[in-house]
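*Asks:* Quick one: the structure is below, and I'll ask about it shortly.
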Amino acid sequence: MSDRALQQPTGGLLRYVNRNTISEFGVLIAIILLIIGFSFASPFFFTVSNFANIGRQTTLLAITSFAMTFVILSGEIDISIGAIASLSGVVIALLLREQFPMLLAILAGLTVGGLAGLLNGVITVKGKIPSFIVTLGTLSVIQGTALAMTNASTIVFSNDLYRDLFARASLFGIPAPVIFAVVLFFVLNWLLTSTRFGSNIYAVGGGADTARLAGIPVDRVKILVFTLSGVLTAMASLVLTARVGNGQPLGAQGLELDAIAAVVLGGTSFLGGRGALWRTVLGALLIGVLNNGLTLVSIAYYPQLLVKGGIIILAVYIDSLTRGQKS
Amino acid sequence: MTTLQKRAEQAQQHPVLRWLLNPESGVLIGIVALVVFFSLQSEFFFDVDNFLNIARQMTMLMIVSFGMTFVILSGEIDLSVGTVLALIGIFVASTLRRDLPIPVALAVGIGSGALIGFISGFITVKGNVPSFIVTLGIFSVARGAAIWLTNSRAIAIFNDNYFAIFADAEPLGIPVSLWYMVAIYLILIFILRYTRFGTSVYAVGGNRNAAELSGIYTDRVKIGVFVLMGVMVGVAAILQTARLGTGFVEPPRNLELDAIAAVVLGGTAFTGGRGSLSKTVLGVVLIAVLNNGLTLLNVQSYYQLIIKGGIIVLALLLDQWLNRGD
C-alpha cells in the first residue's frame with residue numbers, strides 16, 4: 001500500500017507495467033466504446049460542435065472532481081461540494097448584479113469557497129469526527145445560507161466580459177472553460193506530483209498514523225486539502241455561473257455525487273493514498289460522454305441518475321475486488 | 001483544547017454539573033427549553049392538538065431513526081433512507097391501485113425494504129466499501145427509479161380500509177400511528193437487549209476485529225442491520241403513504257439528515273458501539289419539536305436547514321469533547 005503510494009506520483013512508465021492493464025486502461029476503453037456506440041446511435045454525436053459541447057459540459061465536473069481527488073487522496077470525503085459551489089456562485093452573482101468590479105466578485109467567491117472548506121477541515125481534524133458526517137452537517141448549513149441570501153430565488157446578472165472569459169469565448173475553436181480546466185490540471189498535477197505538499201497528501205491518505213510518525217503535519221495537510229477543495233469548487237462555480245448567466249441557490253445540488261463517481265471511476269482508491277489526477281480526468285470524461293450521449297439518444301435525466309448511481313456502486317465494487325487480489 | 005478538557009474533568013466532579021453534562025439530560029434540557037421558548041413565542045404551540053400533531057409528524061422520523069440507530073451502532077451509516085422511502089411508497093401505492101389486498105401491499109413494502117437493505121449491506125460488507133459511498137449510490141438509484149417509474153406523478157390510493165388501519169383510526173383517542181411506533185419500539189428494544197443479534201450489533205460496532213475473534217459473524221450482523229434498516233424504512237413508507245393518501249415521488253426532505261441528527265443528538269456515538277434506542281427517542285422528540293416550532297413561528301425552511309445543520313455539528317463536537325476521557 002505505502003509502496004504504491006510512493007510510486008504513484010513519481011513512477012513514470014513503471015506504473016503502466018505495475019498494475020493490471022485492463023484496470024489501468026479500462027476507463028479509456030470504456031470511453032472509446034461509448035463514443036463508438038453513441039456515434040452509431042445518434043447522427044449528432046460525432047461532430048466537432050458536439051465535442052466542444054462535451055468539453056464545455058465536462059469542465060464543471062472536471063474541476064469539482066479535481067477538488068474531490070485531493071480530498072479522497074488524503075483519506076477524507078467532502079459531501080458539501082455541491083452546496084459550496086452553489087453558495088459561491090450566488091455570492092459572485094449577487095456582487096456582479098450590483099455592478100461590483102469583476103475581479104472583486106471572483107475574489108469574494110473564491111474566498112467564500114475557501115472559508116467553507118477551511119471550516120470543514122478544522123471541524124473534521126480538530127473535532128476528530130469522520131468527514132462525511134461533518135460535511136453532511138455543513139452541507140445543510142451552507143445550502144441554507146445560499147437559500148437565505150437569495151430568498152430561494154435565482155440571481156440574474158449581466159456582465160459580458162465575465163461570461164466571455166469563463167464560458168463563451170474560445171481560442172482556435174477550443175472553449176475558454178476547457179482551456180481554464182486544462183491549465184488548472186497542469187498546475188494541480190504539478191502540486192500533487194512535484195511538491196512536498198503533494199507527497200504529504202499521499203502519505204497522509206496512505207496511513208495517517210505512519211505519516212505522523214514520519215514527521216508529517218497530518219492535521220495541517222488535511223485542513224489545507226479541505227481549503228484547497230473549497231477554492232477549487234468555487235472555481236467550478238465561476239464556470240457554472242458564467243455559462244448560465246445567473247447564480248442559483250440550488251444550482252450545483254448533487255454535484256458531489258458526480259465528482260465522487262468521476263474520481264472513483266478513474267481508479268483513485270476511495271480509501272485514500274492511491275490514485276492520480278489524470279485518472280480523474282478520464283473518469284470525468286467518461287461521465288461527460290455518458291451524460292451527453294444519453295441525452296442525445298433522448299434518455300431522460302432521471303434514468304440517467306439511476307445509471308450513474310449504479311455505475312458508482314459497480315466502480316467501487318470492482319475497485320475493492322482488485323484491491324483484494326493485490327494484498 | 002487542554003484547558004477545555006481540564007474544565008470538563010472538573011465539571012465531572014460536581015454531581016449537579018455531572019448530571020447536566022450527561023448527554024442524555026442535555027437533550028432533555030434542550031427539549032424543555034425549546035418547549036418553553038416556543039410556548040412563549042407562539043400561542044398555538046402549547047396545545048393538546050398541536051402536541052398530537054407533533055407526535056403524528058414524528059412517527060416517520062422515529063421509525064427511520066430506530067433503524068438508523070442499529071446502523072450507526074454497528075459502525076455504519078445509511079444515506080439512502082429518504083429516496084428509498086419514496087420508492088417503497090410508490091411500490092405500496094401501485095400495489096393498492098391494482099386492488100390487491102392490503103396484506104400483499106404490506107408484504108411488498110416490507111419485502112422491498114428488506115431487499116434494498118440487503119443489497120446495501122451485501123455490497124458494503126462483501127465489497128469492503130464504506131457504507132456512505134454505497135448508500136449514496138443507492139440514494140441516486142432509488143431517486144432515478146422512483147421518477148422513472150411514475151413519470152413524476154404521485155400515485156393516488158383509493159382504499160379506505162388502508163387509511164383507517166394505518167392513519168385515521170384512534171384507539172383510546174390516540175392516533176394509531178403512535179401505537180405502531182410504540183409497538184416497534186418495544187420489539188426493537190427486545191431485539192437489541194435480549195437477543196444475540198442485539199448484543200452482536202454492539203460488539204461489531206465497538207470493535208469489529210475483536211468481535212470477529214470472539215466468534216461473531218460480523219458480516220452477517222452488518223447485513224442483518226441493513227436489512228432491519230430497510231424493513232423500518234418500509235414500515236415508515238406504509239404509514240406515510242396512508243397519511244398522505246398517495247405514493248409520493250418527492251422524498252421527504254432531508255430525512256437522512258434528520259435521522260442521523262436524531263441518533264447523534266440523542267447521544268449514540270457515530271463511531272459505533274455505544275448508544276441506545278431510548279436516546280434516539282429523545283433525539284427525535286427534540287428535532288420534531290424544533291421542526292414544529294420553527295414552522296409555527298414561520299421561520300423559512302432554509303433557516304431551518306442552517307439551524308439543524310449547525311446543531312448537528314455542535315452536537316458532534318460536544319459528544320467528542322465529553323467522551324474524550326473514556
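Residue names in the C-alpha cells use chain letters A, B, ... in the order shown, residue numbers from 1 in each chain, and ligand numbers from 1 in the order shown.
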Do a neighbour search on Val289 (chain A) at 8 Å with only C-alpha atoms, toss out local chain neighbours closer than 2 positions, and write the hits as a list in words.
*Replies:*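 The residues that qualify are Ile31, Leu34, Ile35, Ile54, Leu285, Leu286, Ile287, Asn291, Asn292 and Gly293 of chain A.
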*Asks:* Which residues of chain A are close to chain B, meaning at most 8 Å apart when you count only C-alpha atoms, and how do they look as a PyMOL selection string?
*Replies:* chain A and resi 123+127-129+132+134+136-145+147-148+257+302-310+312-313+316-317+320-321
*Asks:* Write out as a list in words which residues come within 12 Å of Asn159 (chain B) when counting only C-alpha atoms, dropping same-chain ones fewer than 6 positions away.
*Replies:*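 Non-adjacent residues within range: Val92, Ala93, Ser94, Thr95, Leu96, Arg97, Arg98, Asp99, Leu100, Pro101, Ile102, Ala105, Ile165, Phe166, Ala167, Thr241, Ala242, Gly245 and Thr246 of chain B.
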*Asks:* Suppose you want the space between CA of Gly266 (chain A) and CA of Ile36 (chain A); what is it in Å?
*Replies:*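 Straight-line distance from CA of Gly266 (chain A) to CA of Ile36 (chain A) works out to 19.8 Å.
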*Asks:* Go ahead and compute the interatomic distance for CA of Leu282 (chain A) and CA of Ile260 (chain A), in Å to one decimal.
*Replies:* 13.0 Å
